[in-house]
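J.: Just dropping this structure here.
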Amino acid sequence: MGKNKKEIKTELSIEEIISKNKKTRLIIKLIILFLLLLILGLFLFKKNIIPTTFYLKGDVNTTIHLDEEFKDPGVVAKLMGGDITDKVKVKGKVDTKKIGKYEINYTLEIKYLNIYKKITRVVDVVDNVPPELNVDCEETIYWNLQEGFSVPAYSATDNIDGDITEKVKVENNVNTDAEGEYTVKFTVSDTSNNKIEKVVKVIVEDKWKNTYIIVDKSEQTLYYYEKGVLVFTSPVVTGNDYDTPLGDFAINNKMPRARLVGPNNEWDCYVNWWMPFISSSHGFHDSAWRTDFGGNVWTYNPTHGCINLPADKAREMYQIVEIGTPVHIIP
């Protein structure tokens, strides 16, 4: 009996302790009630209380060039540490063939958890391709002293703007009254401010420094340069040794349909295009009696000293060279 009394007494003392702590019980109930009200309030006002991670991979603002491939880096989306990227909806498209700013919107929404988040990436497609500028001449050109200068022809096109020739700016300081080196600068920009420029060097000199004929006897070839540019070539047949002398001469006359008579009537013939460079004894002309020119013809069938050209080449040369044109005959 005594033992049972002790056990009953112990049980009563626990109840006694609890009853004496009504204040503690009330505080616990109030905390529970507060948490329930907080959760209810957050739910009613659509506030998310579950830990969620949501951010962009890569840069928020991205710049790419026209026609450059765009690869969307995507986003990171996690709920309580777990991957929920498949819940993200992506809206927006980047047209890499058209200049402009584009937005890609990423939305994460889970309604029953009151999760709604949205972030935006801005992609700027820009044009970095400069226009094409074409100038119809070499980088260095030669011009004759005292001859009026004309700017070389030019054109400009752009991959976006099309023909922008009218936008080309030309700066020119050429003075043909004085020998020297000058420049002509061509500059053009497109609507994206991509710029290109070309500079042409202009060398003003005495006319015959840059316009001349070279006859290379070893190559049996004639070269005609006009303002420093090779504009005409032709195979030829020359005389052997001293029959066609080496040296510097100049065309002293031009005659169509000329009669050529050698000493002691050694030859007597007519030519259609006669351009003498040593008095009237040596000159350039066509030779209808020949079929082969250039190569080693001169070693077995040379001229008497003149320089023979094919008929069509002699005619072309006659039309373009002037009296006074220097002639340089080299070995």
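Starting from 1 in every chain, residues are counted up; chains themselves are A, B, ... following the order of the structure tokens, and ligands are numbered from 1 as listed.
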As a PyMOL selection string, which residues of region 150-320 of chain A does DSSP assign to strand (DSSP E)?
T.: chain A and resi 154-158+162-163+169-172+180-189+195-205+212-216+221-226+229-235+247-250+255-261+268-278+282-286+307-309
J.: Which residues of region 171-257 of chain A sit at most 7 Å from region 116-135 of chain A, using only C-alpha atoms? Give each one's shortest atom pair and distance in Å (one decimal place), in chain and ascending residue order, as CSV.
T.:
residue,atom,partner,partner_atom,distance
A:Ser189,CA,A:Pro131,CA,6.9
A:Asp190,CA,A:Pro131,CA,6.6
A:Ser192,CA,A:Asp127,CA,6.3
A:Asn194,CA,A:Pro130,CA,4.8
A:Lys195,CA,A:Pro130,CA,5.7
A:Ile196,CA,A:Pro130,CA,6.3
J.: Listing only residues of region 115-178 of chain A within 9 Å of region 216-235 of chain A, what is the closest atom pair and its distance in Å (to one decimal) for each, using only C-alpha atoms, sorted by chain and residue number ascending, as a tab-separated table?
T.:
residue	atom	partner	partner_atom	distance
A:Glu138	CA	A:Val229	CA	8.7
A:Thr140	CA	A:Gly228	CA	9.0
A:Ile141	CA	A:Gly228	CA	6.9
A:Tyr142	CA	A:Lys227	CA	4.8
A:Trp143	CA	A:Lys227	CA	6.0
A:Asn144	CA	A:Lys227	CA	7.3
J.: Excluding same-chain residues fewer than 5 positions from Glu109 (chain A), what lies within 12 Å of it counting only C-alpha atoms, as an MDAnalysis selection string?
T.: chainID A and resid 46 48 52 54 77 79 84:90 114:119
J.: Got time to write the residues from that selection, C-alpha atoms, as an mmCIF file, in the first residue's frame?
T.:
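So again26.cif came out as:
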data_model
loop_
_atom_site.group_PDB
_atom_site.id
_atom_site.type_symbol
_atom_site.label_atom_id
_atom_site.label_comp_id
_atom_site.auth_asym_id
_atom_site.auth_seq_id
_atom_site.Cartn_x
_atom_site.Cartn_y
_atom_site.Cartn_z
ATOM 1 C CA LYS A 46 0.341 35.577 -51.935
ATOM 2 C CA ASN A 48 6.213 33.067 -50.759
ATOM 3 C CA THR A 52 13.515 29.900 -53.811
ATOM 4 C CA PHE A 54 16.070 32.396 -59.317
ATOM 5 C CA ALA A 77 15.911 28.086 -60.703
ATOM 6 C CA LEU A 79 13.251 25.359 -54.813
ATOM 7 C CA ILE A 84 13.035 23.540 -61.071
ATOM 8 C CA THR A 85 14.380 25.042 -64.311
ATOM 9 C CA ASP A 86 11.727 23.118 -66.245
ATOM 10 C CA LYS A 87 9.087 25.284 -64.508
ATOM 11 C CA VAL A 88 10.519 28.481 -66.057
ATOM 12 C CA LYS A 89 8.664 29.952 -69.028
ATOM 13 C CA VAL A 90 10.740 31.911 -71.559
ATOM 14 C CA ASN A 114 2.467 31.483 -54.105
ATOM 15 C CA ILE A 115 5.704 31.616 -56.127
ATOM 16 C CA TYR A 116 5.878 34.241 -58.878
ATOM 17 C CA LYS A 117 9.188 35.645 -60.065
ATOM 18 C CA LYS A 118 10.210 37.370 -63.295
ATOM 19 C CA ILE A 119 13.600 38.508 -64.633
#
J.: Once you count only C-alpha atoms, what closest atom pair and distance in Å to one decimal does each residue of region 169-282 of chain A within 6 Å of region 302-313 of chain A have, with rows by chain and rising residue number, as JSON lines?
T.:
{"residue": "A:Val236", "atom": "CA", "partner": "A:Leu309", "partner_atom": "CA", "distance": 5.0}
{"residue": "A:Val237", "atom": "CA", "partner": "A:Asn308", "partner_atom": "CA", "distance": 5.1}
{"residue": "A:Thr238", "atom": "CA", "partner": "A:Ile307", "partner_atom": "CA", "distance": 4.8}
{"residue": "A:Gly239", "atom": "CA", "partner": "A:Thr303", "partner_atom": "CA", "distance": 4.4}
{"residue": "A:Asp243", "atom": "CA", "partner": "A:Gly305", "partner_atom": "CA", "distance": 4.3}
{"residue": "A:Thr244", "atom": "CA", "partner": "A:Gly305", "partner_atom": "CA", "distance": 4.3}
{"residue": "A:His282", "atom": "CA", "partner": "A:Cys306", "partner_atom": "CA", "distance": 4.8}
J.: Can you write just those residues out, C-alpha atoms, as a compact mmCIF listing (two decimals), in the first residue's frame?
T.:
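Ended up saving to selection-v3.txt:
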# COMPACT_ATOMS: atom_id res chain seq x y z
CA VAL A 236 58.10 42.53 -130.76
CA VAL A 237 60.91 41.65 -133.12
CA THR A 238 64.06 43.80 -132.98
CA GLY A 239 67.33 43.86 -134.87
CA ASP A 243 70.95 47.28 -135.57
CA THR A 244 68.50 48.23 -132.81
CA HIS A 282 64.40 53.56 -136.72
J.: Going by DSSP on the backbone, which bits of region 71-217 of chain A are alpha helix (DSSP H)? Write them as a PDB file with C-alpha atoms, in the first residue's frame, please.
T.:
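Output contents, as saved in result12.pdb:
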ATOM      1  CA  LYS A 207      55.003  64.316-117.770  1.00  0.00           C
ATOM      2  CA  TRP A 208      57.768  62.219-119.298  1.00  0.00           C
ATOM      3  CA  LYS A 209      59.052  60.979-115.938  1.00  0.00           C
ATOM      4  CA  ASN A 210      55.991  58.803-115.617  1.00  0.00           C
TER       5      ASN A 210
END
J.: So which residues touch Lys98 (chain A) within 12 Å, counting only C-alpha atoms, skipping near sequence neighbours fewer than 3 positions away, as a PDB file with N, CA and C atoms, in the first residue's frame?
T.:
ATOM      1  N   ILE A  64      25.682  41.676 -79.036  1.00  0.00           N
ATOM      2  CA  ILE A  64      26.200  40.778 -80.066  1.00  0.00           C
ATOM      3  C   ILE A  64      26.187  41.510 -81.399  1.00  0.00           C
ATOM      4  N   HIS A  65      26.992  41.017 -82.337  1.00  0.00           N
ATOM      5  CA  HIS A  65      27.097  41.649 -83.642  1.00  0.00           C
ATOM      6  C   HIS A  65      26.065  41.086 -84.614  1.00  0.00           C
ATOM      7  N   LEU A  66      25.727  41.873 -85.567  1.00  0.00           N
ATOM      8  CA  LEU A  66      24.776  41.476 -86.594  1.00  0.00           C
ATOM      9  C   LEU A  66      25.214  40.160 -87.228  1.00  0.00           C
ATOM     10  N   ASP A  67      24.255  39.242 -87.386  1.00  0.00           N
ATOM     11  CA  ASP A  67      24.474  37.915 -87.978  1.00  0.00           C
ATOM     12  C   ASP A  67      25.310  36.988 -87.096  1.00  0.00           C
ATOM     13  N   GLU A  68      25.639  37.439 -85.886  1.00  0.00           N
ATOM     14  CA  GLU A  68      26.353  36.560 -84.954  1.00  0.00           C
ATOM     15  C   GLU A  68      25.343  35.646 -84.264  1.00  0.00           C
ATOM     16  N   LYS A  93      12.334  36.781 -78.416  1.00  0.00           N
ATOM     17  CA  LYS A  93      13.185  36.240 -79.463  1.00  0.00           C
ATOM     18  C   LYS A  93      14.168  37.299 -79.930  1.00  0.00           C
ATOM     19  N   VAL A  94      15.387  36.875 -80.236  1.00  0.00           N
ATOM     20  CA  VAL A  94      16.426  37.781 -80.725  1.00  0.00           C
ATOM     21  C   VAL A  94      16.626  37.548 -82.216  1.00  0.00           C
ATOM     22  N   ASP A  95      16.401  38.593 -83.019  1.00  0.00           N
ATOM     23  CA  ASP A  95      16.608  38.519 -84.464  1.00  0.00           C
ATOM     24  C   ASP A  95      18.004  39.061 -84.770  1.00  0.00           C
ATOM     25  N   LYS A 101      17.296  46.413 -79.929  1.00  0.00           N
ATOM     26  CA  LYS A 101      17.347  45.883 -78.572  1.00  0.00           C
ATOM     27  C   LYS A 101      16.213  44.887 -78.390  1.00  0.00           C
ATOM     28  N   TYR A 102      16.524  43.740 -77.840  1.00  0.00           N
ATOM     29  CA  TYR A 102      15.535  42.685 -77.661  1.00  0.00           C
ATOM     30  C   TYR A 102      15.503  42.274 -76.186  1.00  0.00           C
ATOM     31  N   VAL A 123      19.201  42.037 -74.910  1.00  0.00           N
ATOM     32  CA  VAL A 123      20.207  41.700 -75.920  1.00  0.00           C
ATOM     33  C   VAL A 123      20.221  42.804 -76.967  1.00  0.00           C
ATOM     34  N   ASP A 124      21.376  43.424 -77.131  1.00  0.00           N
ATOM     35  CA  ASP A 124      21.528  44.532 -78.083  1.00  0.00           C
ATOM     36  C   ASP A 124      22.276  44.012 -79.317  1.00  0.00           C
ATOM     37  N   VAL A 125      21.580  43.957 -80.462  1.00  0.00           N
ATOM     38  CA  VAL A 125      22.194  43.518 -81.719  1.00  0.00           C
ATOM     39  C   VAL A 125      22.718  44.749 -82.448  1.00  0.00           C
ATOM     40  N   VAL A 126      24.028  44.796 -82.669  1.00  0.00           N
ATOM     41  CA  VAL A 126      24.643  45.984 -83.265  1.00  0.00           C
ATOM     42  C   VAL A 126      25.354  45.619 -84.575  1.00  0.00           C
ATOM     43  N   ASP A 127      25.562  46.633 -85.394  1.00  0.00           N
ATOM     44  CA  ASP A 127      26.287  46.470 -86.666  1.00  0.00           C
ATOM     45  C   ASP A 127      27.705  46.982 -86.484  1.00  0.00           C
ATOM     46  N   ASN A 159      26.499  47.104 -95.737  1.00  0.00           N
ATOM     47  CA  ASN A 159      25.683  45.899 -95.593  1.00  0.00           C
ATOM     48  C   ASN A 159      24.267  46.191 -95.107  1.00  0.00           C
ATOM     49  N   ILE A 160      24.064  47.339 -94.462  1.00  0.00           N
ATOM     50  CA  ILE A 160      22.731  47.713 -93.980  1.00  0.00           C
ATOM     51  C   ILE A 160      22.152  48.872 -94.801  1.00  0.00           C
TER      52      ILE A 160
END
J.: Rank A:Phe284, A:Tyr106, A:Tyr300, A:Phe277 by their smallest atom-to-atom distance to Pro256 (chain A), using only C-alpha atoms, and report the top residue only.
T.: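 Smallest distance to Pro256 (chain A) is found for A:Phe284.
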